[in-house]
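Structure, as C-alpha cells:
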Amino acid sequence: MKEVIIEGLRQAYSNLVRMFAEFLPRLLVMLVIVVVGLIVAYLLKTILRAVLHVTRLDRLSEEAGASRFLRMAALPSMTELLSRSLFWVTWSGFILIGISVLGVAGLQEQISRLFLLLPAIFVAILILFLGLVTANFLSRAALLAAVNAGYPSPKLLSWSIRFVIWALAVSMALEQVGVARQTVLAAFSIVFGAFMFGMALAFGLGGRELAREFLERNLTEKKREKHEEPQPL
Amino acid sequence: MAEESFLADDFLRQLMSVGEVDLLVGIPSYNNASTLGQTLQSVEESLLQNFVRERAAILNVDGGSTDETLQVFEQSAEQRGASHKGLTSLRTIHRISCQYDKSPSQGWALRNIVAAADLLRARACAVISPATANVTPLWVANLLRPVHREGLDFVAPLYVRSRFQGLLARDLLYPMTRAVFGQRIRELYADEWGFSGRLASQCLEKDVWHEEPVRVRPQAWMAITAIGGGLKCGQYFLGPKGAAPAGTGPDIVEAIRQTVGNFFWCMETNQAYWLSRSNSQPVSTFGPDHELSSDGIPPSPEKIFELFRTGVTELEPILASILAPDTHAQIKAIALSDRTKFHFAMELWVKTLYEFAASYHHTVLNRDHLVQALVPLYRGKLYSFLLEHANSSGEEMEAQSEILCQEFERQKPYLVERWTAKS
C-alpha cells in the first residue's frame, strides 16, 4: 500500500517535471515572441506616427471636425490615436501567437477565431471614423446653409443629418463585425423607418401649414427676400 | 509651350492665321445672346476710333452657351462695317472665337484669353463682360490706353456707384486688400479690366488655373499677381456701371464665398509678399478716384439684423473655433443689443476679419465652411452701416470708408501676429 502511494507520487512528480520540461521552453518561446512583438509594434507605431505627421492628418481631422469629438471623449489626436491603435493591435497579435505556442487545449480555437475577426474589426473602426467625419462635415454644411438662407430650426436639420449618418455608420460597423447581424439590420430598419415616418407625419400632417409656408417661401418669396439685401458687388 | 496642351486645334489655327497683334480684347460669354451684339459693337467702335494704326483682335471665349451667343458673334462679324458710321481702321480687326469643354468659368475663359495674348504677342489686353449692360467705346479705350501708351500692367476700372451699391467691396474687400497688399485699387472684383502682355505671360506660367478661387474669380488674383511681381498697377474712371437686373448676379452668400474665399486664398499664396509690408500707396489713377451718387434707396434692414442675430446664436461653436474668445464675446454681446441702437464698431469688424483670415490660414475648419461662417457677421456690419448711413450723403459715406481703411492698416500688425502664430 505504502509502495503504491510512493509510486503514485513519484509518477505524479515525474509527470510534473516532464510537463514543466515541456512547458518551460514554450513559455520561453512565448516570452520571446511577446518581446519581439513589442519591438515590432513600437517600430510600426513610430513609423506610422512619422508618416501621419508628414501627411498632416491632424489638420485634416481638425478641418473635418473629428478632432473636436476626440477631445470631447478625452482621446488623443488622430495621429496619436491611430499610431497607438496600430501598436496595440500588432502587439496583441504577437501575444496571441505567443499564447497559441503554449499549446493549451481549447485556447487554439478561440485564438483562431479572434485572428479571423481582426480584419473585420479594423474595417469597422474605419467605417466608424469615416462616418464620424462625413457626419460632421455634412451636418456643418447643412447648418451653415440653413442659417445663411434664414431657414427656421437650422440645428434640427443639422442634427437630423448627423443622426442619420451616425446610425448608418454604426449599423454598418456592427454588421461588419458580425455582431447580431439580424438584430442590427432590424434595429436600423426600424429606427431609420421610424425617423422618416415621423418626419413625414410631422411635416405632412402635423405641419401642413408649415409645409405650405415653407414651399411658398422657397418657390415664391425667396427671390424677393434675396433682393431685399443690397447688391454686394 | 504649356498653353498648347489645353487650346483647341481650331483655336490655335485661328490664332496662327492672325499672326501678331498690338491689342487684344477678350469677351468671355455664356448665354449672352441678348447683349453680346451691343458689346461687340462698342469694342469695335472703340478700336476704330482710338487705335487706328494698331493691329487688333477681338476674342470671344464661350463657356458652352446653349442660346444663340455663338451665332450672334458670327453674324456680327458679317454685318460689321454697316454700323460704324464711316469709321475705318488702317488695319484689319481680327475676330476669333473659341469654346472650352468645361462648365462656364471665368478662370477658364481668362486662361484662354491670356494664352491667346501670349501667342499673339499682344501688348495690351482688355477683358470686357457682355453681361454689363452699358459698356461704351470709351470704356474699352480707357482700359487699353494706360497699358498700351502709359506702360501699366494692370488697369482696374472705377465706377460711379449708388450709395448702397457694392457695399461688400466698400466695407471689406477694398479696405482689406489695401491694408494687406498695400495698393489702393478699389475695384478688384470688377467684370472689366485691362492688362499687359507681360502680365499675361506671367499669369500663364502659374500653375493655379485648376484652383477653385482662380476658376471662379480670376480678376483679383491677376491684380495681386501684378502687385506681387512688382508690376505697375492703375485704375481708370469709367463712369456709371449699370446695376445688374434683379434676380441676376450672386447673392450675399455666393458673393462672399467667391470674393472673400478668393481673397483669403490670395493672401495665403502671396504671404511672402505682404507679411513684411505696412501702409498703403496710391496707384496711378485716371479721373476721379471714386464717386458715389446720392441716388439709391436704403434697403429694409430688419430681416438683415434677424439673420445676423440667428447666425451668431446658431453658429456659436463654429465662431468659437474661428475667433479669439474676446472678439467672440463682443460679437455675442452686440447680437443681444437693442436693434435700434445696434452698432458694429469698426475696430471689432477689422479684428473679426483678421481673425477669420488667420483661421483660414491655420485651417481650423474646412475653408469653405469658414468663409460661409462670415456671412452672418457681414450682415451685422451691413445692418449697422445701413442704420448709420440711411440719410448720409455720398461724401459722408466716403469719409467713413476712408476711416475704415485706415483702421485696417492700423491693425495690420495684429493680422501678422495671428497669421504667424503657431497653430
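Each chain in the C-alpha cells gets a letter, A, B and so on, in the order shown; residues start at 1 in every chain, and ligands are counted from 1 in the order they appear.
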> Which residues come within 9 Å of stretch 78-82 of chain A, counting only C-alpha atoms, excluding same-chain residues fewer than 5 positions away, as a list in words?
Replying inline: Lys45, Leu48, Arg49, Ala50, Leu52, His53, Arg56, Leu57, Asp58, Ser61, Glu62, Ala66, Ser67, Leu70 and Phe87 of chain A
I want to know what sits within 8 Å of stretch 388-394 of chain B, based on only C-alpha atoms, with residues of the same chain fewer than 3 positions away left out; could you give that as a PDB file with N, CA and C atoms, in the first residue's frame?
```pdb
ATOM      1  N   ARG B 163     -25.217 104.931 -53.533  1.00  0.00           N
ATOM      2  CA  ARG B 163     -24.766 104.875 -52.136  1.00  0.00           C
ATOM      3  C   ARG B 163     -24.797 103.467 -51.541  1.00  0.00           C
ATOM      4  N   GLU B 291     -16.553 107.925 -56.893  1.00  0.00           N
ATOM      5  CA  GLU B 291     -17.717 108.800 -56.988  1.00  0.00           C
ATOM      6  C   GLU B 291     -18.924 108.015 -56.533  1.00  0.00           C
ATOM      7  N   LEU B 292     -19.598 108.566 -55.522  1.00  0.00           N
ATOM      8  CA  LEU B 292     -20.828 107.935 -55.050  1.00  0.00           C
ATOM      9  C   LEU B 292     -21.985 108.846 -55.424  1.00  0.00           C
ATOM     10  N   SER B 293     -22.932 108.342 -56.155  1.00  0.00           N
ATOM     11  CA  SER B 293     -24.101 109.166 -56.485  1.00  0.00           C
ATOM     12  C   SER B 293     -25.047 109.125 -55.292  1.00  0.00           C
ATOM     13  N   SER B 294     -25.846 110.180 -55.153  1.00  0.00           N
ATOM     14  CA  SER B 294     -26.719 110.211 -53.971  1.00  0.00           C
ATOM     15  C   SER B 294     -28.032 109.473 -54.191  1.00  0.00           C
ATOM     16  N   PRO B 298     -32.227 103.242 -49.309  1.00  0.00           N
ATOM     17  CA  PRO B 298     -31.703 102.246 -48.375  1.00  0.00           C
ATOM     18  C   PRO B 298     -32.625 101.043 -48.271  1.00  0.00           C
ATOM     19  N   SER B 384     -25.550  97.575 -39.433  1.00  0.00           N
ATOM     20  CA  SER B 384     -25.013  98.731 -38.706  1.00  0.00           C
ATOM     21  C   SER B 384     -24.771  99.887 -39.683  1.00  0.00           C
ATOM     22  N   PHE B 385     -24.220  99.564 -40.845  1.00  0.00           N
ATOM     23  CA  PHE B 385     -23.931 100.581 -41.866  1.00  0.00           C
ATOM     24  C   PHE B 385     -25.225 101.234 -42.361  1.00  0.00           C
ATOM     25  N   MET B 397     -20.345 109.160 -46.586  1.00  0.00           N
ATOM     26  CA  MET B 397     -20.068 107.713 -46.646  1.00  0.00           C
ATOM     27  C   MET B 397     -18.620 107.460 -47.041  1.00  0.00           C
ATOM     28  N   GLU B 398     -18.140 108.237 -47.987  1.00  0.00           N
ATOM     29  CA  GLU B 398     -16.779 108.058 -48.468  1.00  0.00           C
ATOM     30  C   GLU B 398     -15.769 108.378 -47.369  1.00  0.00           C
TER      31      GLU B 398
END
```
>> Under the rule that only C-alpha atoms are counted, which of A:Ile190, A:Ile121, A:Leu156, A:Ala211 is the nearest residue to chain B?
In response: A:Leu156
>> What are the residues of chain B lining chain A at 9 Å or less? Count only C-alpha atoms, and put the answer as a PyMOL selection string.
In response: chain B and resi 164-170+189-190+243-244+246-247+249-253+255-256+298-301+303-304+306-308+310-311+314-315+318+362-367+369+372-373+375-376
> Just how far from atom CA of B:Leu204 is atom CA of B:Leu12, in Å to one decimal?
Replying inline: 16.0 Å
Which of stretch 45-94 of chain A DSSP labels helix (DSSP H, G or I), written as a PDB file with N, CA and C atoms, in the first residue's frame:
```pdb
ATOM      1  N   LYS A  45       4.575  51.727 -34.782  1.00  0.00           N
ATOM      2  CA  LYS A  45       3.916  52.919 -34.238  1.00  0.00           C
ATOM      3  C   LYS A  45       4.725  54.170 -34.590  1.00  0.00           C
ATOM      4  N   THR A  46       6.036  54.083 -34.418  1.00  0.00           N
ATOM      5  CA  THR A  46       6.896  55.249 -34.706  1.00  0.00           C
ATOM      6  C   THR A  46       6.834  55.607 -36.185  1.00  0.00           C
ATOM      7  N   ILE A  47       6.895  54.572 -37.039  1.00  0.00           N
ATOM      8  CA  ILE A  47       6.862  54.830 -38.496  1.00  0.00           C
ATOM      9  C   ILE A  47       5.518  55.460 -38.887  1.00  0.00           C
ATOM     10  N   LEU A  48       4.432  54.866 -38.389  1.00  0.00           N
ATOM     11  CA  LEU A  48       3.108  55.383 -38.749  1.00  0.00           C
ATOM     12  C   LEU A  48       2.937  56.822 -38.260  1.00  0.00           C
ATOM     13  N   ARG A  49       3.406  57.087 -37.040  1.00  0.00           N
ATOM     14  CA  ARG A  49       3.282  58.440 -36.490  1.00  0.00           C
ATOM     15  C   ARG A  49       4.019  59.447 -37.379  1.00  0.00           C
ATOM     16  N   ALA A  50       5.224  59.056 -37.825  1.00  0.00           N
ATOM     17  CA  ALA A  50       6.016  59.953 -38.686  1.00  0.00           C
ATOM     18  C   ALA A  50       5.304  60.184 -40.017  1.00  0.00           C
ATOM     19  N   VAL A  51       4.769  59.097 -40.590  1.00  0.00           N
ATOM     20  CA  VAL A  51       4.075  59.213 -41.887  1.00  0.00           C
ATOM     21  C   VAL A  51       2.842  60.114 -41.740  1.00  0.00           C
ATOM     22  N   LEU A  52       2.102  59.924 -40.657  1.00  0.00           N
ATOM     23  CA  LEU A  52       0.881  60.720 -40.465  1.00  0.00           C
ATOM     24  C   LEU A  52       1.206  62.194 -40.195  1.00  0.00           C
ATOM     25  N   HIS A  53       2.341  62.442 -39.544  1.00  0.00           N
ATOM     26  CA  HIS A  53       2.762  63.837 -39.348  1.00  0.00           C
ATOM     27  C   HIS A  53       3.055  64.484 -40.690  1.00  0.00           C
ATOM     28  N   VAL A  54       3.722  63.728 -41.559  1.00  0.00           N
ATOM     29  CA  VAL A  54       4.067  64.259 -42.884  1.00  0.00           C
ATOM     30  C   VAL A  54       2.797  64.527 -43.691  1.00  0.00           C
ATOM     31  N   LEU A  57      -2.355  64.595 -41.141  1.00  0.00           N
ATOM     32  CA  LEU A  57      -3.666  64.017 -40.853  1.00  0.00           C
ATOM     33  C   LEU A  57      -4.390  64.808 -39.762  1.00  0.00           C
ATOM     34  N   ASP A  58      -3.635  65.315 -38.796  1.00  0.00           N
ATOM     35  CA  ASP A  58      -4.271  66.054 -37.697  1.00  0.00           C
ATOM     36  C   ASP A  58      -5.004  67.285 -38.200  1.00  0.00           C
ATOM     37  N   ARG A  59      -4.373  67.948 -39.183  1.00  0.00           N
ATOM     38  CA  ARG A  59      -5.003  69.144 -39.750  1.00  0.00           C
ATOM     39  C   ARG A  59      -6.303  68.758 -40.469  1.00  0.00           C
ATOM     40  N   LEU A  60      -6.237  67.651 -41.219  1.00  0.00           N
ATOM     41  CA  LEU A  60      -7.420  67.160 -41.934  1.00  0.00           C
ATOM     42  C   LEU A  60      -8.521  66.799 -40.942  1.00  0.00           C
ATOM     43  N   SER A  61      -8.111  66.159 -39.879  1.00  0.00           N
ATOM     44  CA  SER A  61      -9.058  65.736 -38.856  1.00  0.00           C
ATOM     45  C   SER A  61      -9.676  66.953 -38.158  1.00  0.00           C
ATOM     46  N   GLU A  62      -8.846  67.968 -37.928  1.00  0.00           N
ATOM     47  CA  GLU A  62      -9.331  69.213 -37.308  1.00  0.00           C
ATOM     48  C   GLU A  62     -10.335  69.877 -38.234  1.00  0.00           C
ATOM     49  N   GLU A  63      -9.958  69.908 -39.508  1.00  0.00           N
ATOM     50  CA  GLU A  63     -10.793  70.548 -40.523  1.00  0.00           C
ATOM     51  C   GLU A  63     -12.146  69.852 -40.640  1.00  0.00           C
ATOM     52  N   ALA A  64     -12.128  68.531 -40.550  1.00  0.00           N
ATOM     53  CA  ALA A  64     -13.370  67.776 -40.711  1.00  0.00           C
ATOM     54  C   ALA A  64     -14.196  67.753 -39.431  1.00  0.00           C
ATOM     55  N   ALA A  66     -13.458  66.055 -36.718  1.00  0.00           N
ATOM     56  CA  ALA A  66     -13.315  64.805 -35.969  1.00  0.00           C
ATOM     57  C   ALA A  66     -12.498  65.022 -34.692  1.00  0.00           C
ATOM     58  N   SER A  67     -11.545  65.956 -34.765  1.00  0.00           N
ATOM     59  CA  SER A  67     -10.679  66.194 -33.589  1.00  0.00           C
ATOM     60  C   SER A  67     -11.484  66.703 -32.401  1.00  0.00           C
ATOM     61  N   ARG A  68     -12.502  67.512 -32.701  1.00  0.00           N
ATOM     62  CA  ARG A  68     -13.313  68.065 -31.617  1.00  0.00           C
ATOM     63  C   ARG A  68     -13.984  66.939 -30.834  1.00  0.00           C
ATOM     64  N   PHE A  69     -14.442  65.922 -31.578  1.00  0.00           N
ATOM     65  CA  PHE A  69     -15.089  64.782 -30.915  1.00  0.00           C
ATOM     66  C   PHE A  69     -14.087  63.964 -30.114  1.00  0.00           C
ATOM     67  N   LEU A  70     -12.895  63.860 -30.640  1.00  0.00           N
ATOM     68  CA  LEU A  70     -11.854  63.128 -29.909  1.00  0.00           C
ATOM     69  C   LEU A  70     -11.543  63.845 -28.602  1.00  0.00           C
ATOM     70  N   ARG A  71     -11.477  65.197 -28.684  1.00  0.00           N
ATOM     71  CA  ARG A  71     -11.194  65.965 -27.465  1.00  0.00           C
ATOM     72  C   ARG A  71     -12.328  65.807 -26.457  1.00  0.00           C
ATOM     73  N   MET A  72     -13.578  65.836 -26.997  1.00  0.00           N
ATOM     74  CA  MET A  72     -14.742  65.682 -26.116  1.00  0.00           C
ATOM     75  C   MET A  72     -14.696  64.339 -25.396  1.00  0.00           C
ATOM     76  N   MET A  78      -5.681  62.524 -33.653  1.00  0.00           N
ATOM     77  CA  MET A  78      -5.944  61.440 -34.606  1.00  0.00           C
ATOM     78  C   MET A  78      -4.667  60.648 -34.914  1.00  0.00           C
ATOM     79  N   THR A  79      -3.573  61.366 -35.105  1.00  0.00           N
ATOM     80  CA  THR A  79      -2.296  60.700 -35.398  1.00  0.00           C
ATOM     81  C   THR A  79      -1.907  59.777 -34.244  1.00  0.00           C
ATOM     82  N   GLU A  80      -2.034  60.318 -33.043  1.00  0.00           N
ATOM     83  CA  GLU A  80      -1.648  59.558 -31.856  1.00  0.00           C
ATOM     84  C   GLU A  80      -2.578  58.349 -31.685  1.00  0.00           C
ATOM     85  N   LEU A  81      -3.865  58.583 -31.936  1.00  0.00           N
ATOM     86  CA  LEU A  81      -4.847  57.508 -31.762  1.00  0.00           C
ATOM     87  C   LEU A  81      -4.567  56.351 -32.722  1.00  0.00           C
ATOM     88  N   LEU A  82      -4.320  56.698 -33.996  1.00  0.00           N
ATOM     89  CA  LEU A  82      -4.095  55.649 -34.993  1.00  0.00           C
ATOM     90  C   LEU A  82      -2.778  54.918 -34.727  1.00  0.00           C
ATOM     91  N   SER A  83      -1.735  55.680 -34.392  1.00  0.00           N
ATOM     92  CA  SER A  83      -0.452  55.000 -34.171  1.00  0.00           C
ATOM     93  C   SER A  83      -0.509  54.128 -32.914  1.00  0.00           C
ATOM     94  N   ARG A  84      -1.202  54.620 -31.884  1.00  0.00           N
ATOM     95  CA  ARG A  84      -1.333  53.781 -30.678  1.00  0.00           C
ATOM     96  C   ARG A  84      -2.179  52.537 -30.966  1.00  0.00           C
ATOM     97  N   SER A  85      -3.226  52.727 -31.794  1.00  0.00           N
ATOM     98  CA  SER A  85      -4.073  51.568 -32.149  1.00  0.00           C
ATOM     99  C   SER A  85      -3.242  50.516 -32.860  1.00  0.00           C
ATOM    100  N   LEU A  86      -2.407  50.986 -33.804  1.00  0.00           N
ATOM    101  CA  LEU A  86      -1.572  50.040 -34.545  1.00  0.00           C
ATOM    102  C   LEU A  86      -0.632  49.300 -33.582  1.00  0.00           C
ATOM    103  N   PHE A  87      -0.098  50.040 -32.624  1.00  0.00           N
ATOM    104  CA  PHE A  87       0.799  49.429 -31.638  1.00  0.00           C
ATOM    105  C   PHE A  87       0.085  48.301 -30.894  1.00  0.00           C
ATOM    106  N   TRP A  88      -1.106  48.603 -30.389  1.00  0.00           N
ATOM    107  CA  TRP A  88      -1.814  47.610 -29.582  1.00  0.00           C
ATOM    108  C   TRP A  88      -2.311  46.436 -30.407  1.00  0.00           C
ATOM    109  N   VAL A  89      -2.752  46.730 -31.625  1.00  0.00           N
ATOM    110  CA  VAL A  89      -3.235  45.632 -32.481  1.00  0.00           C
ATOM    111  C   VAL A  89      -2.070  44.704 -32.816  1.00  0.00           C
ATOM    112  N   THR A  90      -0.921  45.301 -33.177  1.00  0.00           N
ATOM    113  CA  THR A  90       0.243  44.479 -33.540  1.00  0.00           C
ATOM    114  C   THR A  90       0.714  43.654 -32.335  1.00  0.00           C
ATOM    115  N   TRP A  91       0.824  44.322 -31.211  1.00  0.00           N
ATOM    116  CA  TRP A  91       1.333  43.618 -30.032  1.00  0.00           C
ATOM    117  C   TRP A  91       0.350  42.535 -29.576  1.00  0.00           C
ATOM    118  N   SER A  92      -0.944  42.872 -29.643  1.00  0.00           N
ATOM    119  CA  SER A  92      -1.959  41.868 -29.278  1.00  0.00           C
ATOM    120  C   SER A  92      -1.829  40.639 -30.176  1.00  0.00           C
ATOM    121  N   GLY A  93      -1.590  40.897 -31.476  1.00  0.00           N
ATOM    122  CA  GLY A  93      -1.416  39.791 -32.424  1.00  0.00           C
ATOM    123  C   GLY A  93      -0.260  38.901 -32.007  1.00  0.00           C
ATOM    124  N   PHE A  94       0.857  39.512 -31.664  1.00  0.00           N
ATOM    125  CA  PHE A  94       2.039  38.744 -31.227  1.00  0.00           C
ATOM    126  C   PHE A  94       1.739  37.990 -29.924  1.00  0.00           C
TER     127      PHE A  94
END
```
>> Can you tell me which residues surround stretch 403-420 of chain B at a distance of at most 9 Å, considering only C-alpha atoms, apart from same-chain residues fewer than 3 positions away, and format the answer as a ChimeraX atom specification?
In response: /B:171,174-176,178-180,182,275-276,278-280,346-347,350-351,353-355,357-359,361-362,398-400,423
> Leaving out B:Gln14 and any residue of its chain fewer than 6 positions from it, which residues lie within 9 Å of it when counting only C-alpha atoms, given as a list in words?
Replying inline: Arg95, Ile96 and Ser97 of chain B
> DSSP on the backbone: what in stretch 210-394 of chain B comes out strand (DSSP E), as a PyMOL selection string?
Replying inline: chain B and resi 233-240+284-286+291-293
